[in-house]
file coords34.tsv (TSV, C-alpha atoms)
chain	number	residue	atom	x	y	z
A	1	MET	CA	-23.66	56.86	-48.60
A	2	LEU	CA	-24.28	57.02	-44.85
A	3	LEU	CA	-21.86	57.34	-41.94
A	4	ASN	CA	-22.76	56.49	-38.33
A	5	LEU	CA	-21.37	59.32	-36.24
A	6	ALA	CA	-20.91	59.97	-32.57
A	7	ARG	CA	-20.22	63.67	-32.96
A	8	THR	CA	-18.33	66.31	-34.87
A	9	ILE	CA	-16.65	69.56	-33.91
A	10	PRO	CA	-15.99	72.15	-36.59
A	11	ARG	CA	-12.62	73.33	-35.33
A	12	SER	CA	-9.95	71.87	-33.10
A	13	ALA	CA	-6.22	72.44	-32.75
A	14	ALA	CA	-5.68	69.38	-30.56
A	15	ASN	CA	-6.51	66.66	-33.08
A	16	GLY	CA	-3.70	66.83	-35.58
A	17	PRO	CA	-1.81	69.59	-37.36
A	18	GLY	CA	-3.39	73.03	-37.58
A	19	GLN	CA	-7.07	73.77	-37.22
A	20	ARG	CA	-9.16	70.74	-38.12
A	21	PHE	CA	-12.77	69.62	-38.46
A	22	VAL	CA	-13.03	66.49	-36.30
A	23	VAL	CA	-15.34	63.53	-36.89
A	24	TRP	CA	-15.85	60.91	-34.17
A	25	VAL	CA	-17.38	57.83	-35.80
A	26	GLN	CA	-19.62	55.47	-33.85
A	27	GLY	CA	-18.71	51.81	-33.35
A	28	CYS	CA	-15.50	50.08	-32.34
A	29	ALA	CA	-14.81	46.36	-32.05
A	30	ILE	CA	-11.34	46.83	-30.55
A	31	ARG	CA	-12.52	48.41	-27.28
A	32	CYS	CA	-9.16	49.14	-25.68
A	33	PRO	CA	-9.35	49.09	-21.88
A	34	GLY	CA	-9.24	52.62	-20.52
A	35	CYS	CA	-10.33	54.14	-23.84
A	36	TRP	CA	-11.22	57.82	-23.62
A	37	ASN	CA	-14.43	57.38	-25.59
A	38	PRO	CA	-16.26	54.18	-24.63
A	39	ASP	CA	-19.54	55.84	-25.57
A	40	THR	CA	-18.40	55.39	-29.19
A	41	TRP	CA	-17.97	51.60	-28.96
A	42	ASP	CA	-21.56	50.55	-29.53
A	43	PHE	CA	-22.53	49.84	-33.14
A	44	GLU	CA	-26.13	50.97	-32.76
A	45	THR	CA	-27.12	53.92	-34.89
A	46	ARG	CA	-26.30	57.17	-33.16
A	47	GLN	CA	-26.35	59.83	-35.84
A	48	LEU	CA	-26.54	58.87	-39.49
A	49	ARG	CA	-25.06	61.46	-41.83
A	50	ASP	CA	-24.98	61.51	-45.56
A	51	THR	CA	-21.31	61.57	-46.55
A	52	ALA	CA	-21.77	64.17	-49.27
A	53	ALA	CA	-23.60	66.46	-46.84
A	54	LEU	CA	-20.89	65.97	-44.23
A	55	ALA	CA	-18.20	66.78	-46.78
A	56	ASP	CA	-20.12	69.95	-47.73
A	57	GLU	CA	-20.29	70.96	-44.06
A	58	ILE	CA	-16.54	70.44	-43.71
A	59	LEU	CA	-15.83	72.43	-46.87
A	60	ASP	CA	-18.09	75.25	-45.65
A	61	THR	CA	-16.04	75.58	-42.45
A	62	SER	CA	-13.65	78.47	-42.88
A	63	GLY	CA	-10.04	78.52	-41.79
A	64	ILE	CA	-9.39	74.80	-41.40
A	65	GLU	CA	-6.58	72.93	-43.04
A	66	GLY	CA	-8.04	69.48	-42.82
A	67	VAL	CA	-10.30	66.86	-41.35
A	68	THR	CA	-9.55	64.32	-38.64
A	69	PHE	CA	-11.33	60.97	-38.38
A	70	THR	CA	-11.36	59.42	-34.92
A	71	GLY	CA	-13.86	57.51	-32.90
A	72	GLY	CA	-14.87	54.79	-32.49
A	73	GLU	CA	-12.86	52.99	-35.13
A	74	PRO	CA	-12.74	54.84	-38.45
A	75	PHE	CA	-11.69	51.78	-40.45
A	76	HIS	CA	-14.94	49.97	-39.60
A	77	GLN	CA	-16.58	52.54	-41.85
A	78	ALA	CA	-13.74	52.95	-44.28
A	79	GLY	CA	-15.97	53.00	-47.36
A	80	ALA	CA	-18.03	55.94	-46.14
A	81	LEU	CA	-14.93	57.79	-44.98
A	82	VAL	CA	-13.31	57.27	-48.37
A	83	ASP	CA	-16.22	59.20	-49.85
A	84	VAL	CA	-15.75	62.08	-47.37
A	85	ALA	CA	-11.96	62.06	-47.65
A	86	SER	CA	-11.91	62.09	-51.43
A	87	ARG	CA	-14.28	65.08	-51.54
A	88	VAL	CA	-12.34	67.17	-49.01
A	89	ARG	CA	-8.94	66.28	-50.41
A	90	ALA	CA	-10.11	67.35	-53.85
A	91	ALA	CA	-10.64	70.78	-52.29
A	92	GLY	CA	-7.12	70.85	-50.86
A	93	LEU	CA	-7.80	69.79	-47.27
A	94	SER	CA	-5.62	67.23	-45.52
A	95	VAL	CA	-6.80	63.99	-43.91
A	96	PHE	CA	-5.64	62.75	-40.49
A	97	VAL	CA	-6.84	59.42	-39.09
A	98	PHE	CA	-6.61	57.85	-35.63
A	99	THR	CA	-6.98	54.05	-35.65
A	100	GLY	CA	-6.66	51.34	-33.05
A	101	TYR	CA	-5.31	48.97	-35.71
A	102	GLU	CA	-1.67	48.57	-36.62
A	103	LEU	CA	-0.85	49.62	-40.16
A	104	ASP	CA	-0.18	46.04	-41.27
A	105	GLU	CA	-3.66	44.98	-40.07
A	106	LEU	CA	-5.34	47.34	-42.53
A	107	THR	CA	-5.38	45.00	-45.50
A	108	ARG	CA	-8.91	45.19	-46.90
A	109	ALA	CA	-9.47	47.02	-50.17
A	110	ASP	CA	-11.51	49.76	-48.49
A	111	HIS	CA	-8.82	50.14	-45.83
A	112	ARG	CA	-6.23	50.63	-48.53
A	113	GLU	CA	-8.44	53.16	-50.28
A	114	LEU	CA	-8.73	55.22	-47.11
A	115	LEU	CA	-5.00	54.95	-46.43
A	116	ALA	CA	-4.31	56.24	-49.93
A	117	LEU	CA	-6.28	59.38	-49.05
A	118	THR	CA	-4.68	59.81	-45.61
A	119	ASP	CA	-1.85	62.25	-44.95
A	120	VAL	CA	-1.17	61.24	-41.35
A	121	LEU	CA	-2.17	58.02	-39.61
A	122	VAL	CA	-1.81	57.39	-35.88
A	123	SER	CA	-2.02	53.64	-35.39
A	124	GLY	CA	-2.08	51.07	-32.64
A	125	ARG	CA	-4.09	49.97	-29.62
A	126	TYR	CA	-4.47	52.34	-26.74
A	127	VAL	CA	-2.48	50.86	-23.84
A	128	GLN	CA	-3.54	52.38	-20.56
A	129	ALA	CA	-0.22	51.61	-18.83
A	130	LEU	CA	1.59	53.56	-21.55
A	131	ARG	CA	-0.76	56.51	-21.47
A	132	ALA	CA	0.75	59.70	-22.90
A	133	PHE	CA	-0.28	63.22	-22.04
A	134	ASP	CA	2.01	65.55	-23.91
A	135	SER	CA	3.10	63.16	-26.62
A	136	GLU	CA	1.78	64.88	-29.71
A	137	TRP	CA	-1.16	63.11	-31.30
A	138	ARG	CA	-0.75	59.85	-29.41
A	139	GLY	CA	-2.87	58.52	-26.58
A	140	SER	CA	-0.22	56.00	-25.48
A	141	THR	CA	3.46	55.85	-26.24
A	142	ASN	CA	3.24	52.53	-28.14
A	143	GLN	CA	1.16	54.19	-30.85
A	144	ARG	CA	2.90	55.24	-34.04
A	145	VAL	CA	2.57	58.30	-36.22
A	146	HIS	CA	2.84	57.53	-39.96
A	147	PHE	CA	3.33	60.33	-42.45
A	148	LEU	CA	1.71	58.78	-45.51
A	149	SER	CA	2.09	61.76	-47.82
A	150	ALA	CA	4.67	64.50	-48.19
A	151	ARG	CA	2.29	67.11	-46.78
A	152	TYR	CA	3.43	66.79	-43.17
A	153	THR	CA	6.59	65.74	-41.37
A	154	GLU	CA	7.65	65.38	-37.75
A	155	VAL	CA	8.24	69.12	-37.73
A	156	SER	CA	4.46	69.56	-38.01
A	157	MET	CA	4.07	67.88	-34.62
A	158	ALA	CA	6.20	70.34	-32.68
A	159	GLY	CA	4.23	72.65	-30.42
A	160	SER	CA	0.91	71.13	-31.37
A	161	PRO	CA	-1.58	71.75	-28.54
A	162	SER	CA	-2.48	68.56	-26.72
A	163	VAL	CA	-5.68	69.68	-25.03
A	164	GLU	CA	-8.61	71.90	-25.79
A	165	PHE	CA	-11.76	72.82	-23.90
A	166	HIS	CA	-15.06	73.74	-25.48
A	167	LEU	CA	-17.49	75.68	-23.34
A	168	ALA	CA	-21.01	75.96	-24.72
A	169	PRO	CA	-23.49	78.68	-23.83
A	170	ASP	CA	-25.64	76.14	-21.99
A	171	GLY	CA	-22.75	75.41	-19.63
A	172	GLN	CA	-21.67	72.17	-21.25
A	173	LEU	CA	-17.92	71.78	-20.86
A	174	ALA	CA	-16.06	69.28	-23.00
A	175	VAL	CA	-12.42	68.48	-23.44
A	176	THR	CA	-10.71	67.05	-26.48
A	177	GLY	CA	-7.17	65.92	-27.24
A	178	PHE	CA	-5.02	64.15	-24.69
A	179	PRO	CA	-5.78	65.69	-21.31
A	180	LEU	CA	-3.90	65.25	-18.06
A	181	PRO	CA	-6.15	63.64	-15.43
A	182	GLN	CA	-5.79	66.80	-13.32
A	183	LEU	CA	-7.60	68.69	-16.06
A	184	LEU	CA	-10.62	66.42	-15.96
A	185	ASP	CA	-11.85	67.48	-12.54
A	186	VAL	CA	-11.56	71.15	-13.33
A	187	VAL	CA	-15.25	71.58	-12.59
A	188	PRO	CA	-16.64	70.22	-9.34
A	189	ALA	CA	-19.31	68.02	-10.86
A	190	PRO	CA	-20.08	65.70	-12.42
A	191	LYS	CA	-16.83	63.77	-12.04
A	192	TRP	CA	-16.12	61.37	-14.81
A	193	PRO	CA	-15.92	58.45	-14.72
A	194	PRO	CA	-18.00	57.86	-11.62
A	195	GLN	CA	-16.33	55.51	-9.14
A	196	ASN	CA	-17.90	52.16	-8.45
A	197	GLU	CA	-17.57	51.62	-4.74
A	198	GLN	CA	-19.62	48.48	-4.35
B	1	MET	CA	-8.09	57.92	-30.36
B	2	SER	CA	-8.18	61.46	-29.19
B	3	ALA	CA	-10.55	62.12	-26.35
B	4	TYR	CA	-13.86	63.82	-26.44
B	5	ILE	CA	-15.12	63.81	-22.91
B	6	THR	CA	-18.11	65.75	-21.73
B	7	LEU	CA	-17.08	66.88	-18.29
B	8	ALA	CA	-20.23	68.72	-17.49
B	9	THR	CA	-23.64	68.55	-19.06
B	10	PRO	CA	-25.41	70.62	-16.46
B	11	MET	CA	-28.74	68.97	-15.75
B	12	VAL	CA	-30.40	71.40	-13.41
B	13	ASP	CA	-34.08	70.76	-14.06
B	14	GLU	CA	-35.68	67.84	-12.23
B	15	GLU	CA	-38.68	67.62	-14.55
B	16	CYS	CA	-36.51	67.41	-17.68
B	17	LEU	CA	-34.20	64.85	-16.10
B	18	ILE	CA	-37.11	62.63	-15.08
B	19	GLU	CA	-38.65	62.85	-18.55
B	20	ALA	CA	-35.29	61.86	-20.05
B	21	ILE	CA	-34.99	58.83	-17.76
B	22	VAL	CA	-38.57	57.75	-18.47
B	23	GLU	CA	-38.16	58.19	-22.23
B	24	LEU	CA	-35.25	55.78	-22.09
B	25	GLY	CA	-37.56	53.10	-20.73
B	26	PHE	CA	-37.47	53.42	-16.96
B	27	ASP	CA	-40.88	53.04	-15.29
B	28	ARG	CA	-41.94	56.46	-14.01
B	29	SER	CA	-43.83	54.95	-11.07
B	30	ALA	CA	-40.65	53.21	-9.86
B	31	LEU	CA	-38.64	56.44	-9.64
B	32	VAL	CA	-38.14	57.77	-6.15
B	33	CYS	CA	-37.81	61.55	-5.91
B	34	SER	CA	-37.12	63.52	-2.78
B	35	VAL	CA	-36.51	67.12	-1.80
B	36	THR	CA	-33.70	65.99	0.49
B	37	PRO	CA	-31.10	63.37	-0.50
B	38	ILE	CA	-31.99	59.73	0.17
B	39	ALA	CA	-29.30	57.17	1.07
B	40	LEU	CA	-28.44	54.87	-1.83
B	41	ARG	CA	-28.10	51.17	-1.12
B	42	GLY	CA	-24.92	49.31	-2.01
B	43	TRP	CA	-22.54	52.28	-2.01
B	44	GLN	CA	-19.85	52.90	0.53
B	45	GLN	CA	-19.10	56.34	1.95
B	46	GLY	CA	-22.77	57.21	2.36
B	47	ARG	CA	-23.78	58.02	-1.23
B	48	SER	CA	-27.16	59.67	-1.53
B	49	ALA	CA	-29.35	61.13	-4.23
B	50	HIS	CA	-32.45	63.20	-4.85
B	51	ILE	CA	-33.66	60.98	-7.70
B	52	VAL	CA	-33.28	57.24	-7.18
B	53	LEU	CA	-33.62	54.29	-9.56
B	54	PRO	CA	-34.03	51.38	-7.14
B	55	LYS	CA	-31.79	48.40	-7.79
B	56	GLU	CA	-34.81	46.05	-8.01
B	57	ARG	CA	-35.80	47.87	-11.21
B	58	THR	CA	-32.37	48.14	-12.82
B	59	GLY	CA	-31.29	44.52	-12.58
B	60	ASP	CA	-28.41	45.40	-10.28
B	61	ALA	CA	-27.85	43.05	-7.38
B	62	PHE	CA	-26.02	45.60	-5.26
B	63	ASN	CA	-26.43	49.25	-6.09
B	64	ASP	CA	-29.22	51.75	-6.42
B	65	ILE	CA	-28.60	54.35	-9.11
B	66	GLY	CA	-29.19	57.97	-8.33
B	67	PHE	CA	-28.86	61.61	-9.27
B	68	LEU	CA	-27.65	63.98	-6.59
B	69	LYS	CA	-28.42	67.66	-7.02
B	70	GLY	CA	-25.44	69.96	-6.51
B	71	PRO	CA	-24.41	73.50	-7.36
B	72	ALA	CA	-23.59	72.54	-10.95
B	73	GLY	CA	-26.71	70.42	-11.50
B	74	TYR	CA	-27.48	66.75	-11.01
B	75	VAL	CA	-24.56	64.35	-10.69
B	76	ALA	CA	-25.11	60.70	-11.56
B	77	VAL	CA	-24.14	58.05	-9.06
B	78	LEU	CA	-23.85	54.85	-11.06
B	79	SER	CA	-21.48	52.05	-11.97
B	80	ASP	CA	-19.49	52.76	-15.09
B	81	ASP	CA	-19.70	49.14	-16.21
B	82	HIS	CA	-23.41	48.49	-15.56
B	83	ALA	CA	-24.81	46.46	-18.45
B	84	VAL	CA	-27.73	48.83	-19.04
B	85	TYR	CA	-27.50	51.83	-16.73
B	86	GLY	CA	-23.84	52.64	-17.29
B	87	ARG	CA	-21.86	55.27	-19.10
B	88	THR	CA	-23.60	54.91	-22.46
B	89	TRP	CA	-27.01	55.17	-20.80
B	90	LEU	CA	-25.92	58.32	-18.99
B	91	ALA	CA	-24.77	59.87	-22.26
B	92	LYS	CA	-28.21	59.15	-23.70
B	93	VAL	CA	-29.87	60.69	-20.64
B	94	GLY	CA	-27.81	63.81	-21.29
B	95	ASP	CA	-28.93	63.90	-24.93
B	96	ARG	CA	-32.61	63.46	-24.04
B	97	TYR	CA	-32.35	65.97	-21.19
B	98	LYS	CA	-31.12	68.57	-23.64
B	99	SER	CA	-34.15	68.03	-25.88
B	100	TYR	CA	-36.57	68.39	-22.97
B	101	TRP	CA	-34.65	71.40	-21.69
B	102	ASN	CA	-34.82	73.13	-25.06
B	103	ALA	CA	-38.56	72.43	-25.31
B	104	LYS	CA	-39.13	73.75	-21.82
B	105	GLN	CA	-37.09	76.85	-22.53
B	106	ALA	CA	-39.35	77.59	-25.46
B	107	ARG	CA	-42.37	77.40	-23.19
B	108	LEU	CA	-41.04	79.59	-20.44
B	109	ALA	CA	-42.16	83.17	-20.09
B	110	GLU	CA	-39.62	85.77	-21.15
B	111	ALA	CA	-38.86	86.89	-17.59
B	112	ASP	CA	-38.15	83.38	-16.44
B	113	ARG	CA	-36.06	82.78	-19.51
B	114	LEU	CA	-33.92	85.82	-18.81
B	115	ARG	CA	-33.40	84.80	-15.19
B	116	ILE	CA	-32.30	81.32	-16.22
B	117	GLU	CA	-30.07	82.73	-18.93
B	118	GLU	CA	-28.34	84.90	-16.35
B	119	GLU	CA	-27.75	81.87	-14.13
B	120	ARG	CA	-26.37	80.06	-17.14
B	121	ARG	CA	-24.01	82.91	-17.99
B	122	ARG	CA	-22.66	82.88	-14.45
B	123	LEU	CA	-22.08	79.12	-14.68
B	124	VAL	CA	-20.25	79.46	-18.00
B	125	GLU	CA	-18.03	82.23	-16.60
B	126	ALA	CA	-17.22	80.16	-13.51
B	127	GLN	CA	-16.25	77.21	-15.71
B	128	ARG	CA	-14.13	79.41	-17.98
B	129	VAL	CA	-12.22	80.81	-15.01
B	130	ALA	CA	-11.78	77.32	-13.54
B	131	VAL	CA	-10.22	76.00	-16.75
B	132	HIS	CA	-7.85	78.97	-16.94
B	133	GLU	CA	-6.72	78.56	-13.34
B	134	ARG	CA	-6.21	74.81	-13.54
B	135	ALA	CA	-4.39	74.99	-16.87
B	136	LYS	CA	-1.99	77.67	-15.65
B	137	LYS	CA	-1.29	75.67	-12.50
B	138	LEU	CA	-0.33	72.71	-14.71
B	139	GLY	CA	2.00	74.74	-16.87
B	140	TYR	CA	-0.17	75.43	-19.90
B	141	VAL	CA	-0.60	78.66	-21.80
B	142	VAL	CA	-4.28	79.15	-22.59
B	143	LYS	CA	-5.35	80.65	-25.88
B	144	GLU	CA	-8.97	81.68	-25.77
B	145	GLY	CA	-11.14	82.12	-28.80
B	146	ARG	CA	-14.70	81.80	-29.98
B	147	GLU	CA	-16.21	79.13	-32.18
B	148	GLY	CA	-19.74	80.22	-33.01
B	149	ASP	CA	-21.53	80.45	-29.69
B	150	LYS	CA	-18.87	78.37	-27.92
B	151	ILE	CA	-15.75	79.48	-26.09
B	152	ARG	CA	-12.68	77.52	-27.16
B	153	LEU	CA	-9.73	77.22	-24.79
B	154	VAL	CA	-6.64	75.75	-26.43
B	155	LEU	CA	-3.98	74.60	-23.98
B	156	VAL	CA	-0.37	74.72	-25.12
B	157	LYS	CA	2.41	73.43	-22.91
B	158	ARG	CA	4.87	76.17	-21.98
B	159	SER	CA	8.22	75.49	-23.61
B	160	TYR	CA	10.23	77.81	-21.38
call {"tool": "encode", "arguments": {"input": "coords34.tsv", "output": "structure tokens"}}
result
Amino acid sequence: MLLNLARTIPRSAANGPGQRFVVWVQGCAIRCPGCWNPDTWDFETRQLRDTAALADEILDTSGIEGVTFTGGEPFHQAGALVDVASRVRAAGLSVFVFTGYELDELTRADHRELLALTDVLVSGRYVQALRAFDSEWRGSTNQRVHFLSARYTEVSMAGSPSVEFHLAPDGQLAVTGFPLPQLLDVVPAPKWPPQNEQ
Amino acid sequence: MSAYITLATPMVDEECLIEAIVELGFDRSALVCSVTPIALRGWQQGRSAHIVLPKERTGDAFNDIGFLKGPAGYVAVLSDDHAVYGRTWLAKVGDRYKSYWNAKQARLAEADRLRIEEERRRLVEAQRVAVHERAKKLGYVVKEGREGDKIRLVLVKRSY
């Protein structure tokens, strides 16, 4: 089974509880205004990964307690993510999912299958006017955190880092989590997003 | 969704950047390249660039698109919401640039490679220090670690 990916990072502390392997899927029909990741909206193929191979890569990553699915919209590719989630959960890892849908919108059979394998779900549209910076795991304050298994509780959220930088040897600097705007211009160039002054 | 934002994909090599733009379908003969910055049409506040994609060739009624060379590499001057040459296109340029850059690195003589590596190390160190300083100013504690060949800086809000 194949999954259309935008990117992965093997370890992050700012995308759910503990250290987690993070998967950004490609493709989102919701397209919330002000979304952090509009490069993940397009449904064209970006990086096709075999789900079994991806699960193996996750399981080969030492010192993580789970996987996080974000995007893009994970529930557009629920079937493929069910395959990944079932493999990693069988090995004892937890599953955390960010979705732009509300929980009661996730009614399809494959949605339900993925929900059954999910420990924590953060649901709801991203609302720019309600943007949150230090609200654990949520991009805007309207979004809801659902603990779908007994593995985590609200206590797990306390003290969770909200931002993380990754600095590659080639100078590429990336930020993940829920950064304050003042953190985004930490390097002089290029500024993002560029301003349209026409 | 949680963010994943590439703040800096340093594109320092003109040749690799041009190849990336051309590979994505832009006509090489329509690119305008200059040693000194050229004024871009349609932008206020005197925007200029060293590499220009003229608006007649991008389907934009108002703005030229450009890449201005600065101390941290080329910076794109474009409209976020352009139907073709917008944010997604720029991400693809970054991807293609990396491929050309890696291929060029492989071709370079060892001495050149070492010189460029040293420049790169200095850039990485400057970025690392910048993140630390900004984070502390905003009230974060920074925990630094390594993830393979990457430096990972986890920012935790001070609770005292």
call {"tool": "closest_residue", "arguments": {"input": "coords34.tsv", "among": "A:Phe21, A:Phe147, A:Tyr101, A:Tyr126", "to": "chain B", "atoms": "only C-alpha atoms"}}
result
A:Tyr126
call {"tool": "residues_around", "arguments": {"input": "coords34.tsv", "residues": "Val95 of chain A", "least_positions_apart": "4", "cutoff": "8 Å", "atoms": "all atoms listed in the file", "output": "PDB file with C-alpha atoms, keeping the file's coordinate frame"}}
result
ATOM      1  CA  GLY A  66      -8.040  69.480 -42.820  1.00  0.00           C
ATOM      2  CA  VAL A  67     -10.300  66.860 -41.350  1.00  0.00           C
ATOM      3  CA  THR A  68      -9.550  64.320 -38.640  1.00  0.00           C
ATOM      4  CA  PHE A  69     -11.330  60.970 -38.380  1.00  0.00           C
ATOM      5  CA  ALA A  85     -11.960  62.060 -47.650  1.00  0.00           C
ATOM      6  CA  ARG A  89      -8.940  66.280 -50.410  1.00  0.00           C
ATOM      7  CA  LEU A 117      -6.280  59.380 -49.050  1.00  0.00           C
ATOM      8  CA  THR A 118      -4.680  59.810 -45.610  1.00  0.00           C
ATOM      9  CA  ASP A 119      -1.850  62.250 -44.950  1.00  0.00           C
ATOM     10  CA  VAL A 120      -1.170  61.240 -41.350  1.00  0.00           C
TER      11      VAL A 120
END
call {"tool": "interface_residues", "arguments": {"input": "coords34.tsv", "of": "chain B", "to": "chain A", "cutoff": "9 Å", "atoms": "all atoms listed in the file", "output": "count of residues only"}}
result
58
call {"tool": "closest_residue", "arguments": {"input": "coords34.tsv", "among": "A:His76, A:Arg108, A:Arg20, A:Arg31", "to": "Leu59 of chain A", "atoms": "only C-alpha atoms"}}
result
A:Arg20
call {"tool": "atom_distance", "arguments": {"input": "coords34.tsv", "atom1": "atom CA of Asp83 of chain A", "atom2": "atom CA of Tyr152 of chain A"}}
result
22.1 Å
call {"tool": "closest_residue", "arguments": {"input": "coords34.tsv", "among": "B:Leu31, B:Ala111, B:Val129, B:Met11", "to": "Glu56 of chain B", "atoms": "only C-alpha atoms"}}
result
B:Leu31
call {"tool": "atom_distance", "arguments": {"input": "coords34.tsv", "atom1": "atom CA of Glu14 of chain B", "atom2": "atom CA of Glu44 of chain A"}}
result
28.2 Å
call {"tool": "axis_aligned_box", "arguments": {"input": "coords34.tsv", "around": "segment 112-123 of chain B", "padding_each_side": "8 Å", "output": "AutoDock Vina command-line options"}}
result
--center_x -30.1 --center_y 82.5 --center_z -16.8 --size_x 32.1 --size_y 22.7 --size_z 21.4
call {"tool": "atom_distance", "arguments": {"input": "coords34.tsv", "atom1": "atom CA of Leu54 of chain A", "atom2": "atom CA of Val84 of chain A"}}
result
7.2 Å
call {"tool": "closest_residue", "arguments": {"input": "coords34.tsv", "among": "A:Asp110, A:Pro181, A:Thr61, A:Leu103", "to": "Arg144 of chain A", "atoms": "only C-alpha atoms"}}
result
A:Leu103
call {"tool": "closest_residue", "arguments": {"input": "coords34.tsv", "among": "A:Gly18, A:Gly34, A:Gly27, A:Gly92", "to": "Ile64 of chain A", "atoms": "only C-alpha atoms"}}
result
A:Gly18
call {"tool": "closest_residue", "arguments": {"input": "coords34.tsv", "among": "B:Ala61, B:Ala106, B:Ala30, B:Leu68", "to": "Arg47 of chain B", "atoms": "all atoms listed in the file"}}
result
B:Leu68
call {"tool": "residues_around", "arguments": {"input": "coords34.tsv", "residues": "segment 19-26 of chain B", "least_positions_apart": "6", "cutoff": "7 Å", "atoms": "all atoms listed in the file", "output": "JSON, numbers by chain"}}
result
{"B": [93, 96, 97]}
call {"tool": "write_last_selection", "arguments": {"input": "coords34.tsv", "atoms": "C-alpha atoms", "output": "PDB file, keeping the file's coordinate frame"}}
result
ATOM      1  CA  VAL B  93     -29.870  60.690 -20.640  1.00  0.00           C
ATOM      2  CA  ARG B  96     -32.610  63.460 -24.040  1.00  0.00           C
ATOM      3  CA  TYR B  97     -32.350  65.970 -21.190  1.00  0.00           C
TER       4      TYR B  97
END
call {"tool": "residues_around", "arguments": {"input": "coords34.tsv", "residues": "Thr45 of chain A", "least_positions_apart": "2", "cutoff": "10 Å", "atoms": "only C-alpha atoms", "output": "list in words"}}
result
Leu3, Asn4, Leu5, Ala6, Gln26, Gly27, Asp42, Phe43, Gln47 and Leu48 of chain A
call {"tool": "decode", "arguments": {"input": "coords34.tsv", "residues": "segment 142-168 of chain A", "atoms": "C-alpha atoms", "output": "compact mmCIF listing (two decimals), in the first residue's frame"}}
result
# COMPACT_ATOMS: atom_id res chain seq x y z
CA ASN A 142 -10.95 26.14 18.92
CA GLN A 143 -9.23 22.82 18.22
CA ARG A 144 -9.89 19.95 20.60
CA VAL A 145 -7.64 17.29 22.05
CA HIS A 146 -9.32 13.87 22.32
CA PHE A 147 -7.73 11.12 24.38
CA LEU A 148 -9.06 8.08 22.57
CA SER A 149 -7.23 5.46 24.61
CA ALA A 150 -6.13 5.22 28.22
CA ARG A 151 -2.47 5.66 27.27
CA TYR A 152 -2.39 9.43 27.70
CA THR A 153 -4.29 12.00 29.72
CA GLU A 154 -4.21 15.78 30.06
CA VAL A 155 -1.26 15.33 32.39
CA SER A 156 0.76 14.19 29.36
CA MET A 157 0.31 17.64 27.83
CA ALA A 158 1.93 19.58 30.65
CA GLY A 159 5.34 20.97 29.82
CA SER A 160 5.30 19.59 26.31
CA PRO A 161 7.65 21.69 24.14
CA SER A 162 5.75 23.75 21.61
CA VAL A 163 8.56 24.53 19.19
CA GLU A 164 11.61 22.82 17.81
CA PHE A 165 14.28 23.83 15.32
CA HIS A 166 16.18 21.45 13.08
CA LEU A 167 19.46 22.70 11.68
CA ALA A 168 20.95 20.57 8.92
